[in-house]
Structure formats: structure tokens, C-alpha cells
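A.B. asks: Enclosed is the structure file target_32.cif (mmCIF, C-alpha atoms).
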data_input
#
loop_
_atom_site.label_atom_id
_atom_site.label_comp_id
_atom_site.auth_asym_id
_atom_site.auth_seq_id
_atom_site.Cartn_x
_atom_site.Cartn_y
_atom_site.Cartn_z
CA MET A 5 17.89 -21.37 -5.70
CA ASN A 6 14.62 -23.06 -4.77
CA ALA A 7 15.61 -22.96 -1.11
CA TYR A 8 15.89 -19.17 -1.29
CA TYR A 9 12.45 -18.81 -2.85
CA LEU A 10 11.00 -21.06 -0.14
CA ALA A 11 12.66 -18.97 2.55
CA ILE A 12 11.17 -15.79 1.05
CA LEU A 13 7.73 -17.43 1.02
CA GLN A 14 8.14 -18.29 4.69
CA GLY A 15 9.25 -14.74 5.37
CA SER A 16 6.10 -13.49 3.65
CA LEU A 17 4.05 -15.06 6.45
CA LEU A 18 5.99 -12.93 8.90
CA THR A 19 5.26 -9.88 6.76
CA ILE A 20 1.53 -10.66 6.89
CA GLY A 21 1.70 -11.12 10.66
CA VAL A 22 3.47 -7.79 11.17
CA SER A 23 1.06 -5.93 8.89
CA LEU A 24 -2.11 -7.35 10.49
CA LEU A 25 -0.97 -6.73 14.06
CA ALA A 26 0.29 -3.26 13.14
CA LEU A 27 -3.11 -2.55 11.58
CA LEU A 28 -4.79 -3.49 14.85
CA VAL A 29 -2.51 -1.11 16.76
CA ALA A 30 -3.16 1.63 14.18
CA ILE A 31 -6.94 1.19 14.43
CA VAL A 32 -6.88 1.46 18.23
CA LEU A 33 -4.65 4.55 18.13
CA GLY A 34 -6.74 6.02 15.31
CA LEU A 35 -9.96 5.67 17.28
CA LEU A 36 -8.34 7.15 20.39
CA GLY A 37 -6.82 9.99 18.37
CA ALA A 38 -10.07 10.78 16.58
CA SER A 39 -11.96 10.73 19.88
CA ALA A 40 -9.41 13.10 21.39
CA LYS A 41 -9.62 15.51 18.47
CA LEU A 42 -13.42 15.55 18.60
CA SER A 43 -13.69 15.64 22.39
CA GLY A 44 -13.72 19.41 22.66
CA ARG A 45 -11.14 19.23 25.46
CA ARG A 46 -8.01 21.29 25.00
CA ILE A 47 -5.33 18.92 26.35
CA PRO A 48 -6.48 15.75 24.50
CA GLN A 49 -6.90 17.79 21.32
CA ALA A 50 -3.40 19.26 21.67
CA ILE A 51 -1.81 15.84 22.26
CA ALA A 52 -3.65 14.27 19.30
CA THR A 53 -2.82 17.21 17.03
CA LEU A 54 0.86 17.05 17.99
CA TYR A 55 0.88 13.29 17.36
CA THR A 56 -0.66 13.49 13.89
CA THR A 57 1.35 16.56 12.86
CA VAL A 58 4.74 15.13 13.84
CA ILE A 59 4.18 11.59 12.55
CA ARG A 60 2.70 12.66 9.21
CA GLY A 61 5.43 15.26 8.73
CA VAL A 62 8.44 12.98 9.31
CA PRO A 63 9.43 10.13 6.94
CA ASP A 64 8.33 6.69 8.12
CA LEU A 65 11.88 5.33 8.05
CA VAL A 66 13.17 8.12 10.29
CA VAL A 67 10.33 7.60 12.79
CA MET A 68 10.93 3.84 12.82
CA LEU A 69 14.64 4.18 13.49
CA LEU A 70 14.06 6.83 16.15
CA LEU A 71 11.49 4.69 17.95
CA PHE A 72 13.52 1.48 17.69
CA TYR A 73 16.94 2.79 18.70
CA GLY A 74 15.60 5.56 20.91
CA GLY A 75 13.26 3.14 22.68
CA THR A 76 16.10 0.71 23.30
CA MET A 77 18.35 3.46 24.67
CA GLY A 78 15.54 4.84 26.81
CA LEU A 79 14.78 1.45 28.38
CA ASN A 80 18.46 0.80 29.08
CA LYS A 81 18.82 4.24 30.69
CA LEU A 82 15.76 3.49 32.82
CA MET A 83 17.21 0.12 33.89
CA GLU A 84 20.48 1.85 34.76
CA ALA A 85 18.64 4.49 36.79
CA LEU A 86 16.86 1.73 38.71
CA GLY A 87 20.23 0.24 39.61
CA SER A 88 20.11 -2.75 37.28
CA SER A 89 23.10 -3.79 35.17
CA ARG A 90 20.94 -5.73 32.72
CA THR A 91 20.44 -4.44 29.20
CA VAL A 92 17.22 -4.59 27.21
CA ASP A 93 17.06 -5.71 23.59
CA ILE A 94 13.72 -5.04 21.93
CA ASN A 95 12.41 -7.93 19.86
CA PRO A 96 12.43 -6.85 16.17
CA PHE A 97 8.96 -8.35 15.60
CA VAL A 98 7.43 -6.46 18.52
CA ALA A 99 9.33 -3.31 17.52
CA GLY A 100 8.12 -3.59 13.92
CA VAL A 101 4.49 -4.06 14.94
CA LEU A 102 4.49 -1.21 17.43
CA THR A 103 6.41 1.29 15.29
CA ILE A 104 4.37 0.71 12.13
CA GLY A 105 1.15 0.70 14.16
CA PHE A 106 2.20 3.93 15.88
CA ILE A 107 3.02 5.60 12.56
CA TYR A 108 -0.20 4.63 10.80
CA GLY A 109 -2.28 5.35 13.86
CA ALA A 110 -1.73 9.02 12.98
CA TYR A 111 -3.15 8.50 9.49
CA MET A 112 -6.05 6.45 10.83
CA THR A 113 -6.78 9.26 13.29
CA GLU A 114 -7.48 11.68 10.46
CA THR A 115 -9.41 9.06 8.48
CA PHE A 116 -11.70 8.24 11.41
CA ARG A 117 -12.07 11.89 12.42
CA GLY A 118 -13.23 12.86 8.93
CA ALA A 119 -15.60 9.88 8.79
CA ILE A 120 -17.22 10.74 12.12
CA GLN A 121 -17.61 14.38 11.12
CA SER A 122 -19.42 13.25 7.95
CA ILE A 123 -22.24 11.79 10.05
CA PRO A 124 -25.05 14.30 10.68
CA PRO A 125 -24.84 15.26 14.38
CA GLY A 126 -28.63 15.20 14.63
CA GLN A 127 -28.55 11.40 14.50
CA MET A 128 -26.46 11.17 17.66
CA GLU A 129 -28.56 13.82 19.37
CA ALA A 130 -31.69 11.84 18.54
CA ALA A 131 -30.13 8.69 19.97
CA TRP A 132 -29.30 10.49 23.21
CA ALA A 133 -32.85 11.86 23.32
CA PHE A 134 -34.13 8.26 23.17
CA GLY A 135 -32.02 7.42 26.20
CA MET A 136 -29.05 5.73 24.55
CA GLY A 137 -25.71 6.06 26.31
CA ARG A 138 -22.59 7.29 24.53
CA TRP A 139 -21.19 3.78 24.01
CA GLN A 140 -24.52 2.46 22.74
CA THR A 141 -24.85 5.44 20.41
CA PHE A 142 -21.35 4.86 19.06
CA TYR A 143 -21.91 1.13 18.52
CA ARG A 144 -25.37 1.39 16.95
CA ILE A 145 -25.35 4.76 15.18
CA THR A 146 -21.83 6.10 14.69
CA LEU A 147 -19.75 2.99 13.99
CA PRO A 148 -21.74 1.50 11.06
CA GLN A 149 -21.82 4.85 9.25
CA MET A 150 -18.23 5.69 10.17
CA VAL A 151 -17.05 2.46 8.55
CA ARG A 152 -18.71 3.39 5.26
CA TYR A 153 -17.25 6.89 5.22
CA ALA A 154 -13.81 5.72 6.40
CA LEU A 155 -13.35 2.76 4.03
CA PRO A 156 -11.77 4.69 1.10
CA GLY A 157 -9.15 6.33 3.32
CA PHE A 158 -8.75 3.16 5.37
CA THR A 159 -8.05 1.20 2.18
CA ASN A 160 -5.30 3.61 1.12
CA ASN A 161 -3.73 3.54 4.59
CA TRP A 162 -3.79 -0.25 4.69
CA LEU A 163 -2.14 -0.61 1.28
CA VAL A 164 0.65 1.79 2.25
CA LEU A 165 1.02 0.04 5.62
CA ILE A 166 1.58 -3.32 3.92
CA LYS A 167 4.33 -1.87 1.75
CA SER A 168 5.90 -0.13 4.74
CA CYS A 169 6.47 -3.54 6.33
CA ALA A 170 9.49 -3.80 4.03
CA LEU A 171 11.14 -1.17 6.25
CA VAL A 172 11.28 -3.52 9.24
CA SER A 173 14.07 -5.39 7.47
CA LEU A 174 16.30 -2.48 8.50
CA ILE A 175 15.84 -3.29 12.20
CA GLY A 176 16.77 -6.95 11.72
CA LEU A 177 13.40 -8.63 11.26
CA LYS A 178 13.75 -11.52 8.82
CA GLU A 179 10.67 -10.87 6.72
CA MET A 180 10.59 -11.42 2.97
CA THR A 181 12.43 -8.21 1.98
CA TYR A 182 15.27 -9.03 4.37
CA LEU A 183 15.47 -12.59 3.03
CA ALA A 184 15.37 -11.39 -0.58
CA LYS A 185 18.34 -9.14 0.17
CA GLN A 186 20.21 -12.04 1.76
CA ALA A 187 19.46 -14.31 -1.20
CA SER A 188 20.60 -11.62 -3.61
CA ALA A 189 23.89 -11.20 -1.79
CA ALA A 190 24.50 -14.95 -1.69
CA THR A 191 23.71 -15.64 -5.36
CA ARG A 192 24.58 -12.25 -6.90
CA SER A 193 21.24 -12.39 -8.68
CA PRO A 194 19.18 -9.59 -7.11
CA PHE A 195 16.70 -9.09 -9.94
CA ALA A 196 14.95 -12.47 -9.65
CA PHE A 197 14.53 -12.37 -5.88
CA PHE A 198 13.34 -8.78 -5.69
CA VAL A 199 10.89 -9.33 -8.55
CA PHE A 200 9.56 -12.37 -6.67
CA THR A 201 9.16 -10.24 -3.54
CA ALA A 202 7.43 -7.49 -5.53
CA VAL A 203 4.98 -10.03 -6.96
CA LEU A 204 4.16 -11.26 -3.44
CA PHE A 205 3.48 -7.69 -2.28
CA LEU A 206 1.31 -7.13 -5.35
CA LEU A 207 -0.61 -10.31 -4.58
CA TYR A 208 -1.28 -9.20 -1.00
CA THR A 209 -2.42 -5.74 -2.01
CA SER A 210 -4.66 -7.13 -4.77
CA VAL A 211 -6.36 -9.54 -2.37
CA SER A 212 -6.76 -6.71 0.13
CA LEU A 213 -8.36 -4.46 -2.49
CA TRP A 214 -10.80 -7.20 -3.46
CA ALA A 215 -11.79 -7.86 0.16
CA LEU A 216 -12.18 -4.17 1.02
CA ARG A 217 -14.29 -3.55 -2.08
CA LYS A 218 -16.61 -6.34 -0.96
CA LEU A 219 -16.75 -4.77 2.48
CA ASN A 220 -17.50 -1.38 0.95
CA GLN A 221 -20.36 -2.88 -1.04
CA ARG A 222 -21.72 -4.44 2.15
CA TYR A 223 -21.73 -1.13 4.02
CA SER A 224 -23.08 0.78 1.01
CA LEU A 225 -26.28 -1.28 0.72
CA GLY A 226 -29.29 1.02 0.46
CA VAL A 227 -27.14 4.06 -0.23
CA ARG A 228 -28.06 5.87 -3.42
CA LYS A 229 -25.09 7.07 -5.41
CA ALA A 230 -25.29 10.51 -6.95
CA SER A 231 -25.30 10.49 -10.75
CA VAL A 232 -22.91 12.77 -12.58
#
Go through the file and emit its structure as C-alpha cells.
C.D. replies:
Amino acid sequence: MNAYYLAILQGSLLTIGVSLLALLVAIVLGLLGASAKLSGRRIPQAIATLYTTVIRGVPDLVVMLLLFYGGTMGLNKLMEALGSSRTVDINPFVAGVLTIGFIYGAYMTETFRGAIQSIPPGQMEAAWAFGMGRWQTFYRITLPQMVRYALPGFTNNWLVLIKSCALVSLIGLKEMTYLAKQASAATRSPFAFFVFTAVLFLLYTSVSLWALRKLNQRYSLGVRKASV
């Protein structure tokens, strides 16, 4: 029994790795999507709107399976069209990171878009009047304030993203949910292993909440809260 618990603990490290790398992908896609939606250009806006509408309207599991199996089939068709007889098998770790990152990039897009729109536009106009470029204005003016406005939504997205990492067990990645299922099948004692896995997820989300609250306090320094 102890060997199964140890294996689940080792699998939890894989879960953390998937969630952190997927978060990085989601942040990059979220910033690109928010920029596209706020660009004022029709084509980027249409692409970003289609992306967020479709991804947020379809269950995560369905999107993950479509991307994983559809991506594999698409690559194999491409290899066949290029005259190669080789087949492509997508690594489950890479597939898990990219699919979860792609899914939550849509949610991050709306979070970042709302945060940027909360910043008074006069601040950016003043920065441009002082001769700052767009990148310098974003780094010095927009980004620090965007982080403060985005943190509540970012926190919710991150917590859901962590829990969604359990879905990658369905594409063959041996993270802790997959290993808990295997241990349950081998010992016919599912309750203990799934409770252990649930406690690990709860531990990760609790630590995340604590860290993000500290970060929120850091970015809220000097901000007066309205009294009710």
C-alpha cells in the first residue's frame, strides 16, 4: 500500500509541472488575446472573439480530446501528404500542457481584457505625451495596474486550471489522478487513494491561495478600499 501512496506523491510532481507550464501558455495566449480584442482591428478582434467564445462554450474535456486526437490525426495526415510513412505520436505531457494552456488562455483573455479596460485611458495618453513608446507604457503604466485588477479573476482561473489537470489522465499521462485510479484497481480500495489525491489537490490550491493573497496585498499597497 505504501508503494502506491509514494507513486501518487511522485505523480503529484508531474501534476504541478503540467499546471505551471500550462499556466505560462495560458498567460501568453491571454495577453495576446486581450491585445487582439483591444486592438481596434477587425480581423484580430474576430479571431480572438471566436477563440474565447468557442473555448468557453465547450466543456474542457471535449476540447482536450478534440485537440489531442484531432491534433494527432492532423499531423499524421500531413506526414502522409508529404509522402512520409512515419506516424506521429504526441507526447501526453506536451499534449496536456498545450491543451490546458490553450483552454485557459481563453479565460485569461477575458480576465486581462477587463483588467486593462479598468485602467483610466488618460494615464496611457499622458505616458505617450511624455514620449514613452507603447512597450514602455505597457511595462511601466499598464502592467502594474493590470496585475492588481486581474488578480481576483486570475486566482479563480488558476485554481480551476489546477483541478483540470486531473483530466490529462484520460490521454495517458501518469499524473496523480491516473496513478490513484491504477492503485484503486489493483487493491480494490478506491476510497483511500482518491481521498489522498483530493487532499493533495486541496493542499496545492490552499498554498496557491495564500501566495496569491500575498501578491494581491503587494499590488494593493497605497490603494484605499471603499468602506461599505
A.B. asks: Box for region 184-189 of chain A - axis-aligned, 5 Å on each of the six sides, all listed atoms - centre and size in Å to one decimal, as JSON.
C.D. replies:
{"center_x": 19.6, "center_y": -11.7, "center_z": -0.9, "size_x": 18.5, "size_y": 15.2, "size_z": 15.4}
A.B. asks: On this structure, which residues satisfy the PyMOL selection byres ((chain A and resi 105-108) around 10), written as a PyMOL selection string?
C.D. replies: chain A and resi 22-34+55-56+58-60+62-65+67-68+71+99-104+109-113+161-162+164-165+168
A.B. asks: I need the output of the PyMOL selection byres ((chain A and resi 208) around 12) for this file as a PyMOL selection string; which residues are they?
C.D. replies: chain A and resi 16-17+19-20+23-24+162-167+201-207+209-215
A.B. asks: Of the residues A:Pro194, A:Gly74, A:Pro148, A:Gly118, which is the one nearest to Ala38 (chain A), using only C-alpha atoms?
C.D. replies: A:Gly118
A.B. asks: Please compute the CA of Ser193 (chain A)-CA of Leu171 (chain A) distance, one decimal, in Å.
C.D. replies: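 Going from CA of Ser193 (chain A) over to CA of Leu171 (chain A) covers 21.2 Å.
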A.B. asks: Of the candidates A:Gly135, A:Gly61, A:Gly15, A:Pro124, which shows the shortest atom-to-atom distance to Lys178 (chain A), using all atoms listed in the file?
C.D. replies: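 For Lys178 (chain A), the nearest of the given residues is A:Gly15.
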A.B. asks: Hey, can you check how far CA of Gln221 (chain A) sits from CA of Leu155 (chain A)?
C.D. replies: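 That distance, rounded to one decimal, is 10.3 Å.
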A.B. asks: Taking into account only C-alpha atoms, which residue in the set A:Ser173, A:Gln121, A:Asn220, A:Thr53 is nearest to Pro96 (chain A)?
C.D. replies: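 Distance minimum relative to Pro96 (chain A) lands on A:Ser173.
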A.B. asks: Please determine, counting only C-alpha atoms, which residue among A:Phe200, A:Tyr8, A:Phe72, A:Phe116 has the shortest atom-to-atom distance to Val151 (chain A).
C.D. replies: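 Among A:Phe200, A:Tyr8, A:Phe72, A:Phe116, it is A:Phe116 that comes nearest to Val151 (chain A).
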A.B. asks: Which residue gives the smallest distance to Leu10 (chain A) among A:Phe197, A:Phe158, A:Phe134, A:Tyr223, with only C-alpha atoms counted?
C.D. replies: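 Answer, going by the shortest atom-to-atom distance: A:Phe197.
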A.B. asks: Could you tell me how far CA of Arg90 (chain A) sits from CA of Met77 (chain A), in Å to one decimal place?
C.D. replies: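 That distance, rounded to one decimal, is 12.5 Å.
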A.B. asks: From the options A:Ala40, A:Ala154, A:Met83, A:Met128, which residue's atoms come nearest to Leu219 (chain A), counting all atoms listed in the file?
C.D. replies: A:Ala154
A.B. asks: Written as a short mmCIF file (atom, residue, chain, number, x, y, z; two decimals) with C-alpha atoms, in the coordinates of the input, which residues does the PyMOL selection byres ((chain A and resi 80) around 9) give for the file shown?
C.D. replies:
data_model
loop_
_atom_site.label_atom_id
_atom_site.label_comp_id
_atom_site.auth_asym_id
_atom_site.auth_seq_id
_atom_site.Cartn_x
_atom_site.Cartn_y
_atom_site.Cartn_z
CA GLY A 75 13.26 3.14 22.68
CA THR A 76 16.10 0.71 23.30
CA MET A 77 18.35 3.46 24.67
CA GLY A 78 15.54 4.84 26.81
CA LEU A 79 14.78 1.45 28.38
CA LYS A 81 18.82 4.24 30.69
CA LEU A 82 15.76 3.49 32.82
CA MET A 83 17.21 0.12 33.89
CA GLU A 84 20.48 1.85 34.76
CA ALA A 85 18.64 4.49 36.79
CA SER A 89 23.10 -3.79 35.17
CA ARG A 90 20.94 -5.73 32.72
CA THR A 91 20.44 -4.44 29.20
CA VAL A 92 17.22 -4.59 27.21
CA ASP A 93 17.06 -5.71 23.59
#
